[in-house]
2 protein chains.
Amino acid sequence: MDNNTEPMTDENAQGRIRLENIERIMKAAEKVFAGNGFRGATTAAIAEEAGLPKANIHYYFGTKAKLYRAVLDDIIALWLSSFREIGEEDDPATTLADYIRAKMELSQHRPNASKVFANELIRGAPRINKYLSTELKEWVEAKAAILDHWIAEGRMAPVDSERLLFHIWVMTQTWADFEAQWAAVLGRKNGLQPADFDAATDAITTMVLRTCGLVPVLPRSS
Amino acid sequence: MDNNTEPMTDENAQGRIRLENIERIMKAAEKVFAGNGFRGATTAAIAEEAGLPKANIHYYFGTKAKLYRAVLDDIIALWLSSFREIGEEDDPATTLADYIRAKMELSQHRPNASKVFANELIRGAPRINKYLSTELKEWVEAKAAILDHWIAEGRMAPVDSERLLFHIWVMTQTWADFEAQWAAVLGRKNGLQPADFDAATDAITTMVLRTCGLVPVLPRSS
DNA sequence: ATAAATCTTGACCGTTTGGTCAGGTTTTGT
DNA sequence: ACAAAACCTGACCAAACGGTCAAGATTTAT
């Protein structure tokens, strides 16, 4: 009745070996896709990175496109789960600082996820346009509305709330996506260190809080 | 004596046809590399984009790698030429606002150049590491020193000057590199419009000037 | 124990890739 | 006018590509 190659109809939790291999392949795929984009990545390179024969990759995922789709879905799920719920009654300064820190930790610990996403965006986002124009759009509009509410209540200075969110997003993201550039410019020959991420987090937080009038700005140093 | 395929030893300005074709090919190559990265781009796609037979591309540039190198060098030259000289006696607010506007205009009018560069950075910048760790590093250090000088004189608020420059760079760059994301989130079905670039320029400028204490921040709207 | 289900993989296939080349056409210098 | 230089390109090639498959090895359920 079912000519499906893979065992088990729906994606359920069965199979120890299966789960282990899928995880290993997806981790390898994330790395190779991050460094080469969809077209530039080869199934042979993914197989070598995973330490498995190429045919094994196709046994679990069928095609390169399906594997890429799986990697993208995994990243989007990670993104969505990392968005802490924000309420109108929360404190603006704490909320913004927490969000910046959470995004910076993602950049530091899952840089390849960020790079796969960045690659997709540069290419015009053909496969994630639906996600961008639905879920992400709604998330941005909801959060911007909360910022506007805080502004209307006089709890923070007037800002272009949507652009503020965009720019927070990109300032945090850059420490993963363009790490090579910042490491080179800062002279870090072994890549960025934890202290670099801390310094970046501080700089972004200061910038955002000053912009929102949530921290005093000293015009003179002495 | 010389088995060089190409005519003319050094790259001189001779040959009307040559110059026209080289420009046409490089423009097409920039577009295809921007949308696919180095590995994902094919010489056939570049040829089609340029409206020339594939063999013609190889006649002028030899290999895909040399063509890519030429495109990168062209972009770096554009980058360097766009860095207006900044002096210690200049006005901080005007200088920062001018720099932001200049970078935004590059993002708006040469998005493919920006995307090729971004692709290269995501891949770990194997071919431009030297540029990043020499010329760009020196540029950043020199400009950061001027900001620090302004801070020491009390002409602007204390900031982490290097990170400020990085974050200005990335906020302006994102409107080219990740245009697809912002267009989707903003609901612009025909891509970003000039007004979107103006709004972004304003938002970035406000953010930077407030961060540097160069503009009053109103904590209340009414 | 044993059979069904699952996993493994070397060998293979048709297509696409970057690159070559011979032989022709056009442009240029005198 | 005419030869030399530059330009053009269809046809071709070896290598790399995504994907397939059959036959065997291993795990699992009973």
# chains A, B, ... in the order shown; residues from 1 in each chain; ligands from 1

$ calpha_fit_and_write --fixed "chain A" --moving "chain B" --output "PDB file with C-alpha atoms, in the first residue's frame"
ATOM      1  CA  MET B   1       0.047  -0.014  -0.276  1.00  0.00           C
ATOM      2  CA  ASP B   2       2.847   2.356   0.609  1.00  0.00           C
ATOM      3  CA  ASN B   3       5.929   2.549  -1.562  1.00  0.00           C
ATOM      4  CA  ASN B   4       7.623   4.928   0.848  1.00  0.00           C
ATOM      5  CA  THR B   5      11.283   4.036   1.194  1.00  0.00           C
ATOM      6  CA  GLU B   6      11.651   5.251   4.737  1.00  0.00           C
ATOM      7  CA  PRO B   7      10.327   3.164   7.591  1.00  0.00           C
ATOM      8  CA  MET B   8       7.559   4.481   9.837  1.00  0.00           C
ATOM      9  CA  THR B   9       4.901   6.557   8.129  1.00  0.00           C
ATOM     10  CA  ASP B  10       4.969   9.748  10.139  1.00  0.00           C
ATOM     11  CA  GLU B  11       8.048  11.227  11.749  1.00  0.00           C
ATOM     12  CA  ASN B  12       7.827   9.551  15.123  1.00  0.00           C
ATOM     13  CA  ALA B  13      10.485   9.044  17.722  1.00  0.00           C
ATOM     14  CA  GLN B  14      11.279   5.432  16.866  1.00  0.00           C
ATOM     15  CA  GLY B  15      14.683   4.002  16.103  1.00  0.00           C
ATOM     16  CA  ARG B  16      17.708   4.730  18.222  1.00  0.00           C
ATOM     17  CA  ILE B  17      20.109   4.332  15.280  1.00  0.00           C
ATOM     18  CA  ARG B  18      17.850   6.416  13.062  1.00  0.00           C
ATOM     19  CA  LEU B  19      17.744   9.328  15.478  1.00  0.00           C
ATOM     20  CA  GLU B  20      21.472   9.261  16.076  1.00  0.00           C
ATOM     21  CA  ASN B  21      22.307   9.235  12.384  1.00  0.00           C
ATOM     22  CA  ILE B  22      19.778  11.912  11.491  1.00  0.00           C
ATOM     23  CA  GLU B  23      21.236  14.171  14.148  1.00  0.00           C
ATOM     24  CA  ARG B  24      24.770  13.485  12.973  1.00  0.00           C
ATOM     25  CA  ILE B  25      23.900  14.163   9.338  1.00  0.00           C
ATOM     26  CA  MET B  26      21.976  17.342  10.101  1.00  0.00           C
ATOM     27  CA  LYS B  27      24.812  18.707  12.191  1.00  0.00           C
ATOM     28  CA  ALA B  28      27.270  18.027   9.367  1.00  0.00           C
ATOM     29  CA  ALA B  29      24.849  19.435   6.805  1.00  0.00           C
ATOM     30  CA  GLU B  30      24.390  22.643   8.803  1.00  0.00           C
ATOM     31  CA  LYS B  31      28.134  23.164   8.806  1.00  0.00           C
ATOM     32  CA  VAL B  32      28.597  22.482   5.091  1.00  0.00           C
ATOM     33  CA  PHE B  33      25.554  24.514   4.037  1.00  0.00           C
ATOM     34  CA  ALA B  34      26.770  27.368   6.257  1.00  0.00           C
ATOM     35  CA  GLY B  35      30.115  27.417   4.519  1.00  0.00           C
ATOM     36  CA  ASN B  36      28.946  26.936   0.939  1.00  0.00           C
ATOM     37  CA  GLY B  37      25.285  27.774   0.541  1.00  0.00           C
ATOM     38  CA  PHE B  38      22.779  25.328  -0.902  1.00  0.00           C
ATOM     39  CA  ARG B  39      24.171  25.163  -4.425  1.00  0.00           C
ATOM     40  CA  GLY B  40      27.792  25.149  -3.355  1.00  0.00           C
ATOM     41  CA  ALA B  41      27.364  22.375  -0.792  1.00  0.00           C
ATOM     42  CA  THR B  42      27.880  18.804  -2.015  1.00  0.00           C
ATOM     43  CA  THR B  43      26.391  15.661  -0.571  1.00  0.00           C
ATOM     44  CA  ALA B  44      29.870  14.130  -0.678  1.00  0.00           C
ATOM     45  CA  ALA B  45      31.205  16.916   1.568  1.00  0.00           C
ATOM     46  CA  ILE B  46      28.319  16.450   3.985  1.00  0.00           C
ATOM     47  CA  ALA B  47      28.941  12.704   4.060  1.00  0.00           C
ATOM     48  CA  GLU B  48      32.630  13.182   4.787  1.00  0.00           C
ATOM     49  CA  GLU B  49      31.869  15.723   7.533  1.00  0.00           C
ATOM     50  CA  ALA B  50      29.419  13.243   9.075  1.00  0.00           C
ATOM     51  CA  GLY B  51      31.864  10.349   8.683  1.00  0.00           C
ATOM     52  CA  LEU B  52      29.376   8.277   6.689  1.00  0.00           C
ATOM     53  CA  PRO B  53      29.184   7.018   3.111  1.00  0.00           C
ATOM     54  CA  LYS B  54      27.331   9.290   0.740  1.00  0.00           C
ATOM     55  CA  ALA B  55      24.627   6.703   0.059  1.00  0.00           C
ATOM     56  CA  ASN B  56      23.774   6.778   3.737  1.00  0.00           C
ATOM     57  CA  ILE B  57      22.825  10.459   3.538  1.00  0.00           C
ATOM     58  CA  HIS B  58      20.433   9.669   0.707  1.00  0.00           C
ATOM     59  CA  TYR B  59      19.044   6.723   2.593  1.00  0.00           C
ATOM     60  CA  TYR B  60      17.797   9.018   5.358  1.00  0.00           C
ATOM     61  CA  PHE B  61      16.948  12.206   3.506  1.00  0.00           C
ATOM     62  CA  GLY B  62      16.327  11.243  -0.107  1.00  0.00           C
ATOM     63  CA  THR B  63      17.572  14.397  -1.806  1.00  0.00           C
ATOM     64  CA  LYS B  64      19.876  17.302  -1.005  1.00  0.00           C
ATOM     65  CA  ALA B  65      16.884  19.651  -1.198  1.00  0.00           C
ATOM     66  CA  LYS B  66      14.976  17.668   1.455  1.00  0.00           C
ATOM     67  CA  LEU B  67      18.001  17.633   3.740  1.00  0.00           C
ATOM     68  CA  TYR B  68      18.374  21.393   3.310  1.00  0.00           C
ATOM     69  CA  ARG B  69      14.685  21.851   4.052  1.00  0.00           C
ATOM     70  CA  ALA B  70      15.074  19.802   7.240  1.00  0.00           C
ATOM     71  CA  VAL B  71      18.054  21.912   8.322  1.00  0.00           C
ATOM     72  CA  LEU B  72      16.142  25.137   7.645  1.00  0.00           C
ATOM     73  CA  ASP B  73      13.091  23.934   9.555  1.00  0.00           C
ATOM     74  CA  ASP B  74      15.292  23.011  12.484  1.00  0.00           C
ATOM     75  CA  ILE B  75      16.818  26.493  12.501  1.00  0.00           C
ATOM     76  CA  ILE B  76      13.436  28.220  12.283  1.00  0.00           C
ATOM     77  CA  ALA B  77      12.201  26.142  15.216  1.00  0.00           C
ATOM     78  CA  LEU B  78      15.279  27.203  17.195  1.00  0.00           C
ATOM     79  CA  TRP B  79      14.665  30.849  16.289  1.00  0.00           C
ATOM     80  CA  LEU B  80      11.032  30.752  17.323  1.00  0.00           C
ATOM     81  CA  SER B  81      11.732  28.967  20.591  1.00  0.00           C
ATOM     82  CA  SER B  82      14.315  31.598  21.510  1.00  0.00           C
ATOM     83  CA  PHE B  83      11.832  34.467  21.312  1.00  0.00           C
ATOM     84  CA  ARG B  84      10.939  35.076  24.908  1.00  0.00           C
ATOM     85  CA  GLU B  85       7.430  36.306  25.382  1.00  0.00           C
ATOM     86  CA  ILE B  86       7.295  40.012  26.076  1.00  0.00           C
ATOM     87  CA  GLY B  87       4.407  41.646  27.863  1.00  0.00           C
ATOM     88  CA  GLU B  88       3.283  45.261  28.088  1.00  0.00           C
ATOM     89  CA  GLU B  89       3.803  45.265  31.838  1.00  0.00           C
ATOM     90  CA  ASP B  90       7.487  44.260  31.577  1.00  0.00           C
ATOM     91  CA  ASP B  91      10.301  46.707  32.185  1.00  0.00           C
ATOM     92  CA  PRO B  92      11.577  48.144  28.875  1.00  0.00           C
ATOM     93  CA  ALA B  93      15.275  48.274  29.774  1.00  0.00           C
ATOM     94  CA  THR B  94      15.371  44.776  31.239  1.00  0.00           C
ATOM     95  CA  THR B  95      13.370  43.309  28.377  1.00  0.00           C
ATOM     96  CA  LEU B  96      15.551  44.830  25.672  1.00  0.00           C
ATOM     97  CA  ALA B  97      18.776  43.882  27.452  1.00  0.00           C
ATOM     98  CA  ASP B  98      17.555  40.306  27.919  1.00  0.00           C
ATOM     99  CA  TYR B  99      16.594  39.983  24.274  1.00  0.00           C
ATOM    100  CA  ILE B 100      19.988  41.258  23.129  1.00  0.00           C
ATOM    101  CA  ARG B 101      21.788  38.856  25.427  1.00  0.00           C
ATOM    102  CA  ALA B 102      19.669  35.889  24.282  1.00  0.00           C
ATOM    103  CA  LYS B 103      20.348  36.642  20.610  1.00  0.00           C
ATOM    104  CA  MET B 104      24.068  37.093  21.251  1.00  0.00           C
ATOM    105  CA  GLU B 105      24.213  33.739  22.960  1.00  0.00           C
ATOM    106  CA  LEU B 106      22.646  32.131  19.908  1.00  0.00           C
ATOM    107  CA  SER B 107      25.210  33.855  17.678  1.00  0.00           C
ATOM    108  CA  GLN B 108      28.014  32.622  19.873  1.00  0.00           C
ATOM    109  CA  HIS B 109      26.890  29.029  20.284  1.00  0.00           C
ATOM    110  CA  ARG B 110      25.044  28.258  17.045  1.00  0.00           C
ATOM    111  CA  PRO B 111      26.923  30.323  14.453  1.00  0.00           C
ATOM    112  CA  ASN B 112      26.343  27.810  11.682  1.00  0.00           C
ATOM    113  CA  ALA B 113      22.574  28.005  12.089  1.00  0.00           C
ATOM    114  CA  SER B 114      22.822  31.745  11.738  1.00  0.00           C
ATOM    115  CA  LYS B 115      25.024  31.428   8.652  1.00  0.00           C
ATOM    116  CA  VAL B 116      22.677  29.021   6.875  1.00  0.00           C
ATOM    117  CA  PHE B 117      19.882  31.495   7.464  1.00  0.00           C
ATOM    118  CA  ALA B 118      22.030  34.395   6.240  1.00  0.00           C
ATOM    119  CA  ASN B 119      22.963  32.499   3.091  1.00  0.00           C
ATOM    120  CA  GLU B 120      19.306  31.909   2.377  1.00  0.00           C
ATOM    121  CA  LEU B 121      18.469  35.589   2.874  1.00  0.00           C
ATOM    122  CA  ILE B 122      21.260  36.798   0.552  1.00  0.00           C
ATOM    123  CA  ARG B 123      19.894  34.480  -2.132  1.00  0.00           C
ATOM    124  CA  GLY B 124      16.515  36.193  -1.867  1.00  0.00           C
ATOM    125  CA  ALA B 125      15.012  33.738   0.640  1.00  0.00           C
ATOM    126  CA  PRO B 126      13.207  31.598  -1.966  1.00  0.00           C
ATOM    127  CA  ARG B 127      12.476  28.801   0.492  1.00  0.00           C
ATOM    128  CA  ILE B 128      11.627  30.761   3.643  1.00  0.00           C
ATOM    129  CA  ASN B 129       9.629  33.625   2.199  1.00  0.00           C
ATOM    130  CA  LYS B 130       6.452  32.204   3.669  1.00  0.00           C
ATOM    131  CA  TYR B 131       7.976  32.075   7.154  1.00  0.00           C
ATOM    132  CA  LEU B 132       9.302  35.635   6.821  1.00  0.00           C
ATOM    133  CA  SER B 133       6.031  37.119   5.613  1.00  0.00           C
ATOM    134  CA  THR B 134       3.822  35.293   8.114  1.00  0.00           C
ATOM    135  CA  GLU B 135       5.278  34.184  11.445  1.00  0.00           C
ATOM    136  CA  LEU B 136       8.244  36.549  11.556  1.00  0.00           C
ATOM    137  CA  LYS B 137       6.179  39.489  10.270  1.00  0.00           C
ATOM    138  CA  GLU B 138       3.585  38.899  12.987  1.00  0.00           C
ATOM    139  CA  TRP B 139       6.269  38.555  15.651  1.00  0.00           C
ATOM    140  CA  VAL B 140       7.840  41.873  14.618  1.00  0.00           C
ATOM    141  CA  GLU B 141       4.486  43.665  14.492  1.00  0.00           C
ATOM    142  CA  ALA B 142       3.485  42.361  17.907  1.00  0.00           C
ATOM    143  CA  LYS B 143       6.769  43.355  19.522  1.00  0.00           C
ATOM    144  CA  ALA B 144       6.792  46.755  17.799  1.00  0.00           C
ATOM    145  CA  ALA B 145       3.288  47.353  19.155  1.00  0.00           C
ATOM    146  CA  ILE B 146       4.561  46.756  22.681  1.00  0.00           C
ATOM    147  CA  LEU B 147       7.426  49.202  22.166  1.00  0.00           C
ATOM    148  CA  ASP B 148       4.952  51.755  20.811  1.00  0.00           C
ATOM    149  CA  HIS B 149       2.784  51.175  23.860  1.00  0.00           C
ATOM    150  CA  TRP B 150       5.758  51.858  26.149  1.00  0.00           C
ATOM    151  CA  ILE B 151       6.512  55.014  24.160  1.00  0.00           C
ATOM    152  CA  ALA B 152       2.912  56.227  24.386  1.00  0.00           C
ATOM    153  CA  GLU B 153       3.017  55.722  28.152  1.00  0.00           C
ATOM    154  CA  GLY B 154       6.191  57.771  28.345  1.00  0.00           C
ATOM    155  CA  ARG B 155       8.181  54.816  29.624  1.00  0.00           C
ATOM    156  CA  MET B 156      10.801  55.213  26.872  1.00  0.00           C
ATOM    157  CA  ALA B 157      11.811  57.777  24.259  1.00  0.00           C
ATOM    158  CA  PRO B 158      10.107  57.769  20.847  1.00  0.00           C
ATOM    159  CA  VAL B 159      11.864  55.498  18.373  1.00  0.00           C
ATOM    160  CA  ASP B 160      11.105  53.843  15.032  1.00  0.00           C
ATOM    161  CA  SER B 161      10.233  50.594  16.782  1.00  0.00           C
ATOM    162  CA  GLU B 162      10.262  48.255  13.766  1.00  0.00           C
ATOM    163  CA  ARG B 163      13.663  49.482  12.540  1.00  0.00           C
ATOM    164  CA  LEU B 164      14.970  49.270  16.090  1.00  0.00           C
ATOM    165  CA  LEU B 165      14.048  45.584  16.182  1.00  0.00           C
ATOM    166  CA  PHE B 166      15.595  44.990  12.732  1.00  0.00           C
ATOM    167  CA  HIS B 167      18.815  46.667  13.753  1.00  0.00           C
ATOM    168  CA  ILE B 168      19.055  44.779  17.029  1.00  0.00           C
ATOM    169  CA  TRP B 169      18.579  41.596  15.050  1.00  0.00           C
ATOM    170  CA  VAL B 170      21.331  42.411  12.590  1.00  0.00           C
ATOM    171  CA  MET B 171      23.845  43.743  15.133  1.00  0.00           C
ATOM    172  CA  THR B 172      23.595  40.530  17.111  1.00  0.00           C
ATOM    173  CA  GLN B 173      23.550  38.324  14.022  1.00  0.00           C
ATOM    174  CA  THR B 174      26.706  39.854  12.530  1.00  0.00           C
ATOM    175  CA  TRP B 175      28.888  38.404  15.285  1.00  0.00           C
ATOM    176  CA  ALA B 176      28.021  34.961  13.913  1.00  0.00           C
ATOM    177  CA  ASP B 177      27.618  35.601  10.190  1.00  0.00           C
ATOM    178  CA  PHE B 178      30.620  37.852   9.634  1.00  0.00           C
ATOM    179  CA  GLU B 179      32.807  36.553  12.437  1.00  0.00           C
ATOM    180  CA  ALA B 180      35.696  36.246   9.976  1.00  0.00           C
ATOM    181  CA  GLN B 181      35.607  39.973   9.295  1.00  0.00           C
ATOM    182  CA  TRP B 182      35.547  41.067  12.928  1.00  0.00           C
ATOM    183  CA  ALA B 183      38.219  38.569  13.918  1.00  0.00           C
ATOM    184  CA  ALA B 184      40.477  39.860  11.128  1.00  0.00           C
ATOM    185  CA  VAL B 185      39.882  43.528  11.943  1.00  0.00           C
ATOM    186  CA  LEU B 186      40.376  42.935  15.666  1.00  0.00           C
ATOM    187  CA  GLY B 187      43.516  40.897  14.990  1.00  0.00           C
ATOM    188  CA  ARG B 188      42.164  37.727  16.623  1.00  0.00           C
ATOM    189  CA  LYS B 189      44.109  35.068  14.768  1.00  0.00           C
ATOM    190  CA  ASN B 190      42.309  32.209  16.518  1.00  0.00           C
ATOM    191  CA  GLY B 191      38.833  33.624  15.970  1.00  0.00           C
ATOM    192  CA  LEU B 192      36.650  35.654  18.305  1.00  0.00           C
ATOM    193  CA  GLN B 193      36.973  34.928  22.017  1.00  0.00           C
ATOM    194  CA  PRO B 194      34.207  34.904  24.663  1.00  0.00           C
ATOM    195  CA  ALA B 195      35.369  38.354  25.805  1.00  0.00           C
ATOM    196  CA  ASP B 196      34.680  39.683  22.299  1.00  0.00           C
ATOM    197  CA  PHE B 197      31.081  38.508  22.522  1.00  0.00           C
ATOM    198  CA  ASP B 198      30.744  40.123  25.944  1.00  0.00           C
ATOM    199  CA  ALA B 199      32.120  43.421  24.636  1.00  0.00           C
ATOM    200  CA  ALA B 200      29.741  43.300  21.680  1.00  0.00           C
ATOM    201  CA  THR B 201      26.782  42.548  23.943  1.00  0.00           C
ATOM    202  CA  ASP B 202      27.669  45.539  26.106  1.00  0.00           C
ATOM    203  CA  ALA B 203      28.101  47.848  23.116  1.00  0.00           C
ATOM    204  CA  ILE B 204      24.764  46.849  21.571  1.00  0.00           C
ATOM    205  CA  THR B 205      22.931  47.092  24.870  1.00  0.00           C
ATOM    206  CA  THR B 206      24.364  50.543  25.611  1.00  0.00           C
ATOM    207  CA  MET B 207      23.452  51.702  22.114  1.00  0.00           C
ATOM    208  CA  VAL B 208      19.862  50.477  22.339  1.00  0.00           C
ATOM    209  CA  LEU B 209      19.233  51.733  25.870  1.00  0.00           C
ATOM    210  CA  ARG B 210      20.654  55.169  25.069  1.00  0.00           C
ATOM    211  CA  THR B 211      18.549  55.303  21.909  1.00  0.00           C
ATOM    212  CA  CYS B 212      15.456  54.570  23.966  1.00  0.00           C
ATOM    213  CA  GLY B 213      16.405  57.082  26.663  1.00  0.00           C
ATOM    214  CA  LEU B 214      16.612  54.318  29.248  1.00  0.00           C
ATOM    215  CA  VAL B 215      20.070  55.197  30.485  1.00  0.00           C
ATOM    216  CA  PRO B 216      21.674  58.595  31.037  1.00  0.00           C
ATOM    217  CA  VAL B 217      24.119  59.723  28.355  1.00  0.00           C
ATOM    218  CA  LEU B 218      27.053  61.703  29.666  1.00  0.00           C
ATOM    219  CA  PRO B 219      28.054  64.296  27.091  1.00  0.00           C
ATOM    220  CA  ARG B 220      31.432  64.913  28.751  1.00  0.00           C
ATOM    221  CA  SER B 221      33.976  62.508  30.152  1.00  0.00           C
ATOM    222  CA  SER B 222      35.635  64.854  32.657  1.00  0.00           C
TER     223      SER B 222
END

$ select_by_dssp --residues "region 4-155 of chain A" --states "alpha helix (DSSP H)" --output "number ranges by chain"
A: 16-40, 43-50, 54-61, 64-82, 92-109, 111-122, 129-131, 137-152

$ interface_residues --of "chain D" --to "chain A" --cutoff "8 Å" --atoms "only C-alpha atoms (C1' of nucleotides)" --output "list in words"
DC17, DG18 and DG19 of chain D

$ write_last_selection --atoms "C-alpha atoms (C1' of nucleotides)" --output "tab-separated table (two decimals), in the first residue's frame"
chain	number	residue	atom	x	y	z
D	17	DC	C1'	27.82	16.18	-9.37
D	18	DG	C1'	23.13	14.29	-7.28
D	19	DG	C1'	21.04	10.26	-7.08

$ atom_distance --atom1 "C1' of DA14 (chain D)" --atom2 "C1' of DG19 (chain C)"
9.7 Å

$ residues_around --residues "DT25 (chain C)" --least-positions-apart "5" --cutoff "12 Å" --atoms "only C-alpha atoms (C1' of nucleotides)" --output "PyMOL selection string"
chain D and resi 6-9

$ write_last_selection --atoms "N, CA, C and O atoms (P, O5', C5', C4', C3', O3' and C1' of nucleotides)" --output "JSON list (two decimals), in the first residue's frame"
[["chain", "number", "residue", "atom", "x", "y", "z"],
["D", 6, "DA", "P", 47.24, 42.06, -29.74],
["D", 6, "DA", "O5'", 45.65, 41.89, -29.83],
["D", 6, "DA", "C5'", 44.87, 42.98, -30.27],
["D", 6, "DA", "C4'", 43.46, 42.51, -30.56],
["D", 6, "DA", "C3'", 42.81, 41.74, -29.41],
["D", 6, "DA", "O3'", 41.69, 42.50, -28.95],
["D", 6, "DA", "C1'", 42.40, 40.71, -31.53],
["D", 7, "DC", "P", 40.76, 41.96, -27.83],
["D", 7, "DC", "O5'", 39.63, 41.14, -28.61],
["D", 7, "DC", "C5'", 38.85, 41.82, -29.60],
["D", 7, "DC", "C4'", 37.98, 40.82, -30.33],
["D", 7, "DC", "C3'", 37.04, 40.02, -29.43],
["D", 7, "DC", "O3'", 35.70, 40.28, -29.81],
["D", 7, "DC", "C1'", 38.10, 38.63, -31.04],
["D", 8, "DC", "P", 34.53, 39.70, -28.94],
["D", 8, "DC", "O5'", 34.20, 38.34, -29.67],
["D", 8, "DC", "C5'", 33.65, 38.38, -30.99],
["D", 8, "DC", "C4'", 33.47, 36.96, -31.49],
["D", 8, "DC", "C3'", 32.60, 36.07, -30.60],
["D", 8, "DC", "O3'", 31.41, 35.79, -31.29],
["D", 8, "DC", "C1'", 34.55, 34.93, -31.39],
["D", 9, "DT", "P", 30.16, 35.24, -30.53],
["D", 9, "DT", "O5'", 30.33, 33.67, -30.60],
["D", 9, "DT", "C5'", 30.39, 33.05, -31.87],
["D", 9, "DT", "C4'", 30.75, 31.59, -31.72],
["D", 9, "DT", "C3'", 30.07, 30.88, -30.53],
["D", 9, "DT", "O3'", 29.57, 29.65, -30.96],
["D", 9, "DT", "C1'", 32.36, 30.41, -30.57]]

$ interface_residues --of "chain C" --to "chain A" --cutoff "8 Å" --atoms "only C-alpha atoms (C1' of nucleotides)" --output "JSON list (two decimals) with C-alpha atoms (C1' of nucleotides), in the first residue's frame"
[["chain", "number", "residue", "atom", "x", "y", "z"],
["C", 6, "DT", "C1'", 16.19, -1.75, 9.36],
["C", 8, "DT", "C1'", 24.93, -0.10, 5.29],
["C", 9, "DT", "C1'", 27.64, 0.80, 1.19]]

$ residues_around --residues "DA22 (chain C)" --least-positions-apart "3" --cutoff "12 Å" --atoms "only C-alpha atoms (C1' of nucleotides)" --output "list in words"
DT9, DG10, DA11 and DC12 of chain D

$ residues_around --residues "DA4 (chain C)" --least-positions-apart "6" --cutoff "12 Å" --atoms "only C-alpha atoms (C1' of nucleotides)" --output "PyMOL selection string"
chain D and resi 27-30

$ write_last_selection --atoms "N, CA and C atoms (P, O5', C5', C4', C3', O3' and C1' of nucleotides)" --output "PDB file, in the first residue's frame"
ATOM      1  P    DT D  27      24.466  -4.205  15.517  1.00  0.00           P
ATOM      2  O5'  DT D  27      22.891  -4.040  15.714  1.00  0.00           O
ATOM      3  C5'  DT D  27      22.238  -2.908  15.156  1.00  0.00           C
ATOM      4  C4'  DT D  27      20.743  -3.152  15.141  1.00  0.00           C
ATOM      5  C3'  DT D  27      20.118  -3.444  16.503  1.00  0.00           C
ATOM      6  O3'  DT D  27      19.170  -2.441  16.772  1.00  0.00           O
ATOM      7  C1'  DT D  27      19.295  -4.927  14.838  1.00  0.00           C
ATOM      8  P    DT D  28      18.416  -2.336  18.196  1.00  0.00           P
ATOM      9  O5'  DT D  28      17.035  -3.088  17.893  1.00  0.00           O
ATOM     10  C5'  DT D  28      16.249  -2.679  16.776  1.00  0.00           C
ATOM     11  C4'  DT D  28      15.054  -3.610  16.635  1.00  0.00           C
ATOM     12  C3'  DT D  28      14.372  -3.953  17.949  1.00  0.00           C
ATOM     13  O3'  DT D  28      13.009  -3.554  17.859  1.00  0.00           O
ATOM     14  C1'  DT D  28      14.761  -5.918  16.645  1.00  0.00           C
ATOM     15  P    DA D  29      12.017  -3.654  19.099  1.00  0.00           P
ATOM     16  O5'  DA D  29      11.112  -4.903  18.691  1.00  0.00           O
ATOM     17  C5'  DA D  29      10.503  -4.934  17.404  1.00  0.00           C
ATOM     18  C4'  DA D  29       9.770  -6.251  17.233  1.00  0.00           C
ATOM     19  C3'  DA D  29       8.929  -6.696  18.426  1.00  0.00           C
ATOM     20  O3'  DA D  29       7.687  -7.222  17.960  1.00  0.00           O
ATOM     21  C1'  DA D  29      10.533  -8.372  17.916  1.00  0.00           C
ATOM     22  P    DT D  30       6.533  -7.637  19.016  1.00  0.00           P
ATOM     23  O5'  DT D  30       6.619  -9.210  19.046  1.00  0.00           O
ATOM     24  C5'  DT D  30       6.507  -9.929  17.814  1.00  0.00           C
ATOM     25  C4'  DT D  30       6.880 -11.378  18.041  1.00  0.00           C
ATOM     26  C3'  DT D  30       6.261 -12.005  19.290  1.00  0.00           C
ATOM     27  O3'  DT D  30       5.476 -13.141  18.933  1.00  0.00           O
ATOM     28  C1'  DT D  30       8.563 -12.555  19.113  1.00  0.00           C
TER      29       DT D  30
END

$ atom_distance --atom1 "C1' of DA11 (chain C)" --atom2 "C1' of DA15 (chain D)"
17.5 Å
